[in-house]
file data28.txt (compact mmCIF, N, CA and C atoms)
# COMPACT_ATOMS: atom_id res chain seq x y z
N MET A 1 26.74 260.06 159.87
CA MET A 1 27.39 258.90 160.44
C MET A 1 26.33 257.87 160.78
N ALA A 2 26.47 256.68 160.28
CA ALA A 2 25.49 255.63 160.53
C ALA A 2 25.75 254.98 161.88
N SER A 3 24.66 254.70 162.60
CA SER A 3 24.84 254.04 163.89
C SER A 3 24.90 252.54 163.68
N ASN A 4 25.68 251.89 164.50
CA ASN A 4 25.87 250.45 164.38
C ASN A 4 25.10 249.79 165.51
N SER A 5 23.92 249.25 165.18
CA SER A 5 23.10 248.63 166.20
C SER A 5 23.28 247.11 166.23
N GLN A 6 24.16 246.58 165.39
CA GLN A 6 24.42 245.15 165.38
C GLN A 6 25.33 244.78 166.55
N SER A 7 25.20 243.54 166.99
CA SER A 7 26.10 243.09 168.06
C SER A 7 27.49 242.89 167.47
N HIS A 8 28.48 242.81 168.31
CA HIS A 8 29.87 242.67 167.88
C HIS A 8 30.27 241.20 167.79
N LYS A 9 29.36 240.37 167.36
CA LYS A 9 29.63 238.94 167.23
C LYS A 9 30.45 238.71 165.96
N PRO A 10 31.51 237.87 166.04
CA PRO A 10 32.32 237.62 164.85
C PRO A 10 31.49 236.96 163.76
N GLN A 11 31.80 237.31 162.55
CA GLN A 11 31.09 236.73 161.41
C GLN A 11 31.66 235.35 161.11
N ASN A 12 30.84 234.54 160.43
CA ASN A 12 31.35 233.24 159.99
C ASN A 12 32.43 233.47 158.94
N LEU A 13 33.56 232.84 159.12
CA LEU A 13 34.68 233.00 158.20
C LEU A 13 34.72 231.83 157.24
N LYS A 14 35.07 232.11 156.01
CA LYS A 14 35.12 231.08 154.99
C LYS A 14 36.42 231.22 154.21
N ILE A 15 37.12 230.12 154.04
CA ILE A 15 38.32 230.07 153.23
C ILE A 15 38.05 229.03 152.14
N GLY A 16 37.89 229.49 150.93
CA GLY A 16 37.53 228.58 149.84
C GLY A 16 36.19 227.95 150.15
N ASP A 17 36.14 226.62 150.14
CA ASP A 17 34.90 225.91 150.46
C ASP A 17 34.82 225.55 151.95
N TYR A 18 35.85 225.91 152.70
CA TYR A 18 35.92 225.55 154.12
C TYR A 18 35.38 226.68 154.99
N HIS A 19 34.47 226.34 155.88
CA HIS A 19 33.96 227.30 156.86
C HIS A 19 34.70 227.09 158.18
N LEU A 20 35.34 228.14 158.65
CA LEU A 20 36.05 228.04 159.93
C LEU A 20 35.04 227.85 161.06
N PRO A 21 35.41 227.09 162.09
CA PRO A 21 34.49 226.90 163.21
C PRO A 21 34.23 228.22 163.94
N SER A 22 33.11 228.30 164.59
CA SER A 22 32.72 229.49 165.33
C SER A 22 33.54 229.60 166.62
N VAL A 23 33.77 230.82 167.05
CA VAL A 23 34.48 231.02 168.32
C VAL A 23 33.62 230.60 169.51
N ASP A 24 32.35 230.34 169.27
CA ASP A 24 31.48 229.86 170.34
C ASP A 24 31.93 228.49 170.86
N LEU A 25 32.76 227.78 170.08
CA LEU A 25 33.27 226.48 170.51
C LEU A 25 34.29 226.61 171.64
N LEU A 26 34.89 227.79 171.77
CA LEU A 26 35.92 228.01 172.79
C LEU A 26 35.29 228.22 174.15
N ASP A 27 35.96 227.72 175.17
CA ASP A 27 35.51 227.94 176.55
C ASP A 27 35.96 229.32 177.00
N GLU A 28 35.25 229.87 177.97
CA GLU A 28 35.66 231.12 178.58
C GLU A 28 36.98 230.91 179.31
N ALA A 29 37.84 231.90 179.28
CA ALA A 29 39.11 231.82 180.02
C ALA A 29 38.80 231.80 181.51
N PRO A 30 39.51 230.97 182.27
CA PRO A 30 39.26 230.94 183.71
C PRO A 30 39.69 232.26 184.35
N ALA A 31 38.97 232.63 185.38
CA ALA A 31 39.32 233.86 186.10
C ALA A 31 40.66 233.67 186.79
N PRO A 32 41.53 234.68 186.74
CA PRO A 32 42.83 234.53 187.40
C PRO A 32 42.66 234.44 188.92
N ASP A 33 43.49 233.63 189.53
CA ASP A 33 43.48 233.50 190.99
C ASP A 33 44.36 234.62 191.55
N THR A 34 43.74 235.76 191.83
CA THR A 34 44.52 236.93 192.24
C THR A 34 45.19 236.72 193.60
N ARG A 35 44.58 235.92 194.45
CA ARG A 35 45.19 235.67 195.76
C ARG A 35 46.51 234.92 195.58
N GLN A 36 46.49 233.88 194.74
CA GLN A 36 47.70 233.09 194.50
C GLN A 36 48.75 233.94 193.80
N MET A 37 48.30 234.78 192.86
CA MET A 37 49.22 235.65 192.13
C MET A 37 49.94 236.60 193.10
N LYS A 38 49.17 237.17 194.04
CA LYS A 38 49.75 238.09 195.02
C LYS A 38 50.76 237.36 195.91
N GLU A 39 50.42 236.15 196.33
CA GLU A 39 51.34 235.37 197.16
C GLU A 39 52.63 235.05 196.39
N ASP A 40 52.51 234.72 195.12
CA ASP A 40 53.69 234.43 194.30
C ASP A 40 54.59 235.66 194.15
N LEU A 41 53.98 236.83 193.93
CA LEU A 41 54.75 238.06 193.80
C LEU A 41 55.46 238.41 195.11
N GLU A 42 54.77 238.22 196.23
CA GLU A 42 55.38 238.50 197.53
C GLU A 42 56.53 237.53 197.81
N ALA A 43 56.37 236.27 197.40
CA ALA A 43 57.45 235.29 197.58
C ALA A 43 58.66 235.69 196.73
N SER A 44 58.41 236.15 195.51
CA SER A 44 59.51 236.61 194.65
C SER A 44 60.21 237.81 195.25
N ALA A 45 59.44 238.71 195.87
CA ALA A 45 60.02 239.89 196.51
C ALA A 45 60.94 239.47 197.66
N ARG A 46 60.50 238.47 198.44
CA ARG A 46 61.35 237.99 199.55
C ARG A 46 62.63 237.35 199.02
N ILE A 47 62.51 236.61 197.92
CA ILE A 47 63.70 236.00 197.32
C ILE A 47 64.67 237.08 196.85
N LEU A 48 64.14 238.14 196.24
CA LEU A 48 64.98 239.25 195.80
C LEU A 48 65.69 239.90 196.98
N GLU A 49 64.96 240.16 198.06
CA GLU A 49 65.57 240.76 199.25
C GLU A 49 66.65 239.85 199.84
N ASP A 50 66.34 238.55 199.92
CA ASP A 50 67.31 237.59 200.48
C ASP A 50 68.56 237.48 199.61
N THR A 51 68.37 237.50 198.30
CA THR A 51 69.52 237.41 197.39
C THR A 51 70.41 238.63 197.52
N LEU A 52 69.81 239.81 197.59
CA LEU A 52 70.61 241.03 197.77
C LEU A 52 71.34 241.00 199.11
N THR A 53 70.67 240.48 200.15
CA THR A 53 71.31 240.36 201.46
C THR A 53 72.52 239.44 201.40
N ASP A 54 72.41 238.35 200.62
CA ASP A 54 73.55 237.43 200.45
C ASP A 54 74.77 238.15 199.87
N PHE A 55 74.54 239.21 199.09
CA PHE A 55 75.62 240.00 198.51
C PHE A 55 75.97 241.21 199.37
N GLY A 56 75.42 241.28 200.57
CA GLY A 56 75.74 242.37 201.49
C GLY A 56 75.01 243.66 201.19
N ILE A 57 73.91 243.58 200.48
CA ILE A 57 73.12 244.77 200.13
C ILE A 57 71.79 244.68 200.85
N MET A 58 71.58 245.59 201.78
CA MET A 58 70.34 245.60 202.55
C MET A 58 69.30 246.43 201.80
N ALA A 59 68.20 245.78 201.40
CA ALA A 59 67.15 246.45 200.64
C ALA A 59 65.81 245.85 201.03
N LYS A 60 64.77 246.64 200.84
CA LYS A 60 63.40 246.23 201.13
C LYS A 60 62.54 246.53 199.92
N VAL A 61 61.76 245.55 199.46
CA VAL A 61 60.82 245.79 198.36
C VAL A 61 59.67 246.61 198.91
N THR A 62 59.46 247.80 198.32
CA THR A 62 58.41 248.70 198.80
C THR A 62 57.16 248.67 197.95
N ASP A 63 57.29 248.22 196.70
CA ASP A 63 56.12 248.17 195.81
C ASP A 63 56.38 247.14 194.72
N ILE A 64 55.30 246.51 194.27
CA ILE A 64 55.37 245.55 193.17
C ILE A 64 54.37 245.99 192.12
N ILE A 65 54.85 246.22 190.91
CA ILE A 65 53.99 246.63 189.80
C ILE A 65 54.03 245.52 188.77
N ARG A 66 52.92 244.80 188.65
CA ARG A 66 52.84 243.67 187.73
C ARG A 66 52.29 244.15 186.40
N GLY A 67 53.04 243.90 185.36
CA GLY A 67 52.59 244.24 184.02
C GLY A 67 52.28 242.98 183.24
N PRO A 68 51.89 243.13 181.99
CA PRO A 68 51.54 241.94 181.19
C PRO A 68 52.76 241.06 180.88
N VAL A 69 53.95 241.64 180.87
CA VAL A 69 55.15 240.87 180.55
C VAL A 69 56.20 241.00 181.63
N ILE A 70 56.37 242.20 182.16
CA ILE A 70 57.43 242.50 183.12
C ILE A 70 56.82 242.90 184.45
N THR A 71 57.39 242.39 185.53
CA THR A 71 57.00 242.81 186.87
C THR A 71 58.13 243.65 187.43
N ARG A 72 57.78 244.83 187.94
CA ARG A 72 58.80 245.74 188.50
C ARG A 72 58.70 245.72 190.02
N TYR A 73 59.86 245.58 190.64
CA TYR A 73 59.96 245.62 192.10
C TYR A 73 60.68 246.90 192.48
N ASP A 74 60.00 247.77 193.22
CA ASP A 74 60.62 249.00 193.70
C ASP A 74 61.34 248.67 195.01
N LEU A 75 62.61 249.11 195.07
CA LEU A 75 63.44 248.83 196.24
C LEU A 75 63.73 250.09 197.03
N SER A 76 63.81 249.93 198.33
CA SER A 76 64.30 250.97 199.21
C SER A 76 65.59 250.44 199.81
N LEU A 77 66.68 251.14 199.54
CA LEU A 77 67.99 250.70 200.00
C LEU A 77 68.29 251.30 201.37
N LEU A 78 69.03 250.54 202.17
CA LEU A 78 69.47 251.03 203.47
C LEU A 78 70.37 252.23 203.24
N ARG A 79 70.34 253.18 204.14
CA ARG A 79 71.17 254.38 204.02
C ARG A 79 72.63 254.00 203.82
N GLY A 80 73.24 254.62 202.83
CA GLY A 80 74.65 254.38 202.55
C GLY A 80 74.89 253.36 201.45
N VAL A 81 73.85 252.62 201.05
CA VAL A 81 74.02 251.64 199.98
C VAL A 81 73.91 252.38 198.65
N LYS A 82 74.91 252.20 197.81
CA LYS A 82 74.93 252.90 196.52
C LYS A 82 74.41 251.99 195.42
N ILE A 83 73.72 252.60 194.47
CA ILE A 83 73.13 251.88 193.35
C ILE A 83 74.20 251.10 192.56
N ASN A 84 75.39 251.67 192.46
CA ASN A 84 76.43 251.00 191.65
C ASN A 84 76.82 249.65 192.24
N ARG A 85 76.56 249.40 193.53
CA ARG A 85 76.82 248.07 194.09
C ARG A 85 75.87 247.05 193.49
N ILE A 86 74.64 247.46 193.25
CA ILE A 86 73.66 246.55 192.64
C ILE A 86 73.99 246.37 191.16
N GLU A 87 74.33 247.46 190.49
CA GLU A 87 74.68 247.40 189.07
C GLU A 87 75.90 246.51 188.85
N ALA A 88 76.83 246.51 189.79
CA ALA A 88 78.04 245.70 189.65
C ALA A 88 77.74 244.21 189.68
N LEU A 89 76.61 243.82 190.25
CA LEU A 89 76.26 242.40 190.34
C LEU A 89 75.93 241.78 188.98
N LYS A 90 75.52 242.61 188.04
CA LYS A 90 75.13 242.06 186.74
C LYS A 90 76.33 241.68 185.88
N ARG A 91 77.52 242.05 186.27
CA ARG A 91 78.71 241.76 185.48
C ARG A 91 79.27 240.42 185.75
call {"tool": "encode", "arguments": {"input": "data28.txt", "output": "structure tokens"}}
result
Amino acid sequence: MASNSQSHKPQNLKIGDYHLPSVDLLDEAPAPDTRQMKEDLEASARILEDTLTDFGIMAKVTDIIRGPVITRYDLSLLRGVKINRIEALKR
């Protein structure tokens, strides 16, 4: 097995007589503002709790799991609240 001691820099790409520009022209992506992101997620959690309360469903967001596309909010329902009450809201 041959070792690869070359850097992982992209090669110059050529299409016909045209040389594509180097990726070095691109700026670095800005660092995400995690504090603002956390505040936004917490605000969304409060909106979710308030909306459920408007429908007479007492619930508390216990955890927020942020994914690349979908954010999951884990709920803790007040004793006696049945899941089918929440499911009925989607109809």
call {"tool": "atom_distance", "arguments": {"input": "data28.txt", "atom1": "atom CA of Leu78 of chain A", "atom2": "atom N of Met58 of chain A"}}
result
6.1 Å
call {"tool": "closest_residue", "arguments": {"input": "data28.txt", "among": "A:Leu77, A:Leu89, A:Gly56, A:Ile64", "to": "Glu42 of chain A", "atoms": "all atoms listed in the file"}}
result
A:Ile64
call {"tool": "select_by_dssp", "arguments": {"input": "data28.txt", "residues": "segment 1-86 of chain A", "states": "strand (DSSP E or B)", "output": "list in words"}}
result
Lys14, Ile15, Tyr18, His19, Ala59, Lys60, Val61, Thr62, Asp63, Ile64, Ile65, Arg66, Thr71, Arg72, Tyr73, Asp74, Leu75, Ser76 and Leu77 of chain A
call {"tool": "select_by_dssp", "arguments": {"input": "data28.txt", "residues": "chain A", "states": "helix (DSSP H, G or I)", "output": "ChimeraX atom specification"}}
result
/A:23-25,34-54,83-90
call {"tool": "axis_aligned_box", "arguments": {"input": "data28.txt", "around": "segment 19-26 of chain A", "padding_each_side": "4 Å", "output": "AutoDock Vina command-line options"}}
result
--center_x 33.8 --center_y 228.7 --center_z 165.0 --size_x 12.6 --size_y 12.7 --size_z 26.3
call {"tool": "atom_distance", "arguments": {"input": "data28.txt", "atom1": "atom C of Val81 of chain A", "atom2": "atom C of Ile57 of chain A"}}
result
8.3 Å
call {"tool": "residues_around", "arguments": {"input": "data28.txt", "residues": "Lys38 of chain A", "least_positions_apart": "5", "cutoff": "12 Å", "atoms": "only C-alpha atoms", "output": "ChimeraX atom specification"}}
result
/A:32-33,43-45,63-66,71
call {"tool": "atom_distance", "arguments": {"input": "data28.txt", "atom1": "atom N of Asp54 of chain A", "atom2": "atom CA of Val69 of chain A"}}
result
26.6 Å
call {"tool": "closest_residue", "arguments": {"input": "data28.txt", "among": "A:Asp17, A:Ala59, A:Leu41, A:Pro68", "to": "Gly80 of chain A", "atoms": "only C-alpha atoms"}}
result
A:Ala59
